[in-house]
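Asks: First the structure, which I've put down as structure tokens, then a few questions once you've had a look.
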Amino acid sequence: WISWASRVVIISFTTYNFDYDMWLANDFLFEIPPSGAVYAYSHVHPFKPRLDETRSELAETSMDIARIVIAIYILVFVGMSERRHKIKYHKAGAWYHISLNGITDYGIAVCIWVAIIWRNVGFRGPVVGDLLEQADRNFMSFTDLSLAYNDIFCIEGLLMVFLAFRLLSFLRLNHTIYLFWNALGKAFSSFGFFILMFVPALTGFVIVLHSTFGAYIDQYSTFSLTLVQFYRIVQGEVDISQLLSVDVVWGCAFVVFFYIVVTFLLMNIFATIVTDAYYIVQITTGGPGEKWNASNYYRWAVPGLLVSLFQAMVPSQGHYTENT
């Protein structure tokens, strides 16, 4: 059934390991263009069609309930505390929602909710025995289910990124890091405006590279590949001689304008903005800072909600004052 007119051959099958209780969705694609070359692609994804069959999986379900409680606590109580903190320093409480802390807090909560809901809705199908019986009778493709299983792990990875940034913000307790943090915050807010000004120029570079060199160089054959290649050019990882060998005029024009727009203007403007922001922060908040004692660290580390609950349960021992 494979002839000279065949253009693609797709092999798809699923395997199951009894010892590890894991499934494996296998998809192999062989593309045969008119040139006669064969391009092979493979997609192998492990997955589990059901996530509530074993004791360990049920224990993970209990942990998911605790994670939901943490997500609600972040959205409600941490958000209220952060907004009060903004108001204390004469800023609108709404600024918290577009700050790095606000974005990471909402990112953590959203990732937790999406991962848990997706697991509980999308992976509650038939038990393993029934699936094996169905697979023996008819072919079943589990590619979509395996991709969903892999996407949930990607969301968990994104959750770890948000957690890392949130933990990084705690280093602001050090006054030097606090000054550097504020300087970067002011710099990025100003730099975002200049990025919008340079977006048309950067988009034009990508269009020129694709339209001029896409028919001759594989790295510029599609817009997505051209965008990746342009990023590599910014990093200095591409040999420009490849462009010059295709079209000398357009290659030289690209090199000249790329140096003027990206290297000379964009990079130097960014350095100037960072220097100016650090100078402003040093003038406004460059003092020695407030000295923290044990009471300050206690009020910062222990949420007020826990203190109130402890006072309600043990009034005689849970008395808490500002001068503790």
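Labels for the structure tokens follow display order: chains A, B, ..., residues from 1 in each chain, ligands from 1.
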Taking 5 positions as the minimum chain separation for residues in the same chain, which residues sit within 7 Å of Phe13 (chain A) when counting only C-alpha atoms? Answer as a ChimeraX atom specification.
Replies: /A:25-27
Asks: Which of region 17-195 of chain A counts as strand (DSSP E or B) under DSSP, as a list in words please?
Replies: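 Matching residues, listed in order: Asn17, Met22, Trp23, Leu24, Ala25, Asn26, Asp27, Phe28, Leu29, Phe30, Glu31, Tyr39, Ala40, Tyr41, Ser42, His43, Val44, His45, Pro46, Phe47, Arg50 and Arg124 of chain A.
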Asks: Would you mind telling me which residue in A:Gly251, A:Gly129, A:Gly157, A:Gly102 lies nearest to Ala115 (chain A) when using only C-alpha atoms?
Replies: A:Gly157
Asks: Nearest to Asn150 (chain A) among A:Phe47, A:Phe123, A:Tyr278, A:Tyr96, with distances taken over only C-alpha atoms: which residue is it?
Replies: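 Residue with the minimum atom-to-atom distance to Asn150 (chain A): A:Phe47.
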Asks: Excluding Phe28 (chain A) and its own-chain neighbours fewer than 3 positions away, which residues fall within 8 Å of it when counting only C-alpha atoms? Please give them as a list in words.
Replies: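 The contact residues come out as Ile10, Ile11, Ser12, Ala40, Tyr41, Ser42 and His43 of chain A.
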Asks: What's the 10 Å shell around region 21-24 of chain A, counting only C-alpha atoms, without same-chain residues fewer than 2 positions away, as a compact mmCIF listing (two decimals) with N, CA, C and O atoms, in the first residue's frame?
Replies:
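The result, written out as result_18.txt:
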# COMPACT_ATOMS: atom_id res chain seq x y z
N PHE A 13 0.43 3.59 17.64
CA PHE A 13 0.05 2.48 18.51
C PHE A 13 0.28 2.89 19.96
O PHE A 13 0.97 3.88 20.25
N THR A 14 -0.32 2.13 20.88
CA THR A 14 -0.25 2.42 22.31
C THR A 14 0.26 1.18 23.05
O THR A 14 -0.16 0.06 22.74
N THR A 15 1.15 1.40 24.01
CA THR A 15 1.68 0.30 24.83
C THR A 15 1.35 0.57 26.30
O THR A 15 1.11 1.71 26.70
N TYR A 16 1.33 -0.53 27.07
CA TYR A 16 1.01 -0.43 28.50
C TYR A 16 1.99 -1.28 29.29
O TYR A 16 2.27 -2.43 28.92
N ASN A 17 2.52 -0.70 30.39
CA ASN A 17 3.45 -1.40 31.26
C ASN A 17 2.74 -1.74 32.57
O ASN A 17 2.32 -0.85 33.31
N PHE A 18 2.59 -3.04 32.84
CA PHE A 18 1.87 -3.47 34.05
C PHE A 18 2.64 -3.13 35.33
O PHE A 18 2.05 -2.81 36.35
N ASP A 19 3.98 -3.22 35.26
CA ASP A 19 4.78 -3.00 36.47
C ASP A 19 4.71 -1.55 36.95
O ASP A 19 4.62 -1.29 38.15
N ASN A 26 2.41 6.28 21.05
CA ASN A 26 3.49 6.36 20.07
C ASN A 26 2.92 6.76 18.71
O ASN A 26 1.99 6.11 18.21
N ASP A 27 3.46 7.81 18.14
CA ASP A 27 3.06 8.27 16.81
C ASP A 27 4.33 8.57 16.01
O ASP A 27 5.14 9.42 16.41
N VAL A 44 6.39 10.50 21.24
CA VAL A 44 6.21 9.45 22.22
C VAL A 44 5.90 10.12 23.56
O VAL A 44 6.73 10.86 24.09
N HIS A 45 4.70 9.87 24.09
CA HIS A 45 4.25 10.55 25.30
C HIS A 45 3.73 9.54 26.31
O HIS A 45 2.78 8.80 26.01
N PRO A 46 4.29 9.49 27.52
CA PRO A 46 3.71 8.65 28.58
C PRO A 46 2.49 9.32 29.19
O PRO A 46 2.39 10.55 29.22
N PHE A 47 1.56 8.51 29.69
CA PHE A 47 0.35 9.08 30.29
C PHE A 47 -0.34 8.01 31.12
O PHE A 47 0.00 6.81 31.08
N LYS A 48 -1.33 8.46 31.88
CA LYS A 48 -2.24 7.59 32.62
C LYS A 48 -3.66 8.03 32.30
O LYS A 48 -3.99 9.21 32.48
N PRO A 49 -4.52 7.13 31.85
CA PRO A 49 -5.89 7.54 31.49
C PRO A 49 -6.78 7.81 32.70
O PRO A 49 -7.81 8.47 32.57
N THR A 54 -4.99 4.05 42.43
CA THR A 54 -4.07 3.50 43.43
C THR A 54 -4.06 4.38 44.68
O THR A 54 -4.60 5.50 44.70
N VAL A 128 -8.44 0.71 34.04
CA VAL A 128 -7.42 0.14 33.15
C VAL A 128 -7.90 -1.15 32.50
O VAL A 128 -7.70 -1.38 31.30
N PHE A 142 -4.72 7.25 21.69
CA PHE A 142 -4.66 8.01 22.95
C PHE A 142 -3.74 9.23 22.83
O PHE A 142 -3.26 9.74 23.83
N THR A 143 -3.53 9.66 21.60
CA THR A 143 -2.61 10.79 21.39
C THR A 143 -3.10 12.05 22.08
O THR A 143 -2.34 12.73 22.79
N SER A 146 -2.76 11.73 25.84
CA SER A 146 -1.36 11.82 26.29
C SER A 146 -0.84 13.25 26.20
O SER A 146 -0.07 13.68 27.06
Asks: Counting only C-alpha atoms, which residue out of A:Trp250, A:Phe170, A:Tyr106, A:Phe194 sits closest to Val262 (chain A)?
Replies: A:Phe194
Asks: Could you name the residues that touch region 63-65 of chain A at 12 Å or less, counting only C-alpha atoms, but leaving out those on the same chain fewer than 2 positions away, as a list in words?
Replies: Ser56, Glu57, Leu58, Ala59, Glu60, Thr61, Arg67, Ile68, Val69, Ile70, Ala71, Ile72, Cys111, Ile112, Trp113, Val114, Ala115, Ile116, Ile117, Trp118, Arg119 and Asn120 of chain A
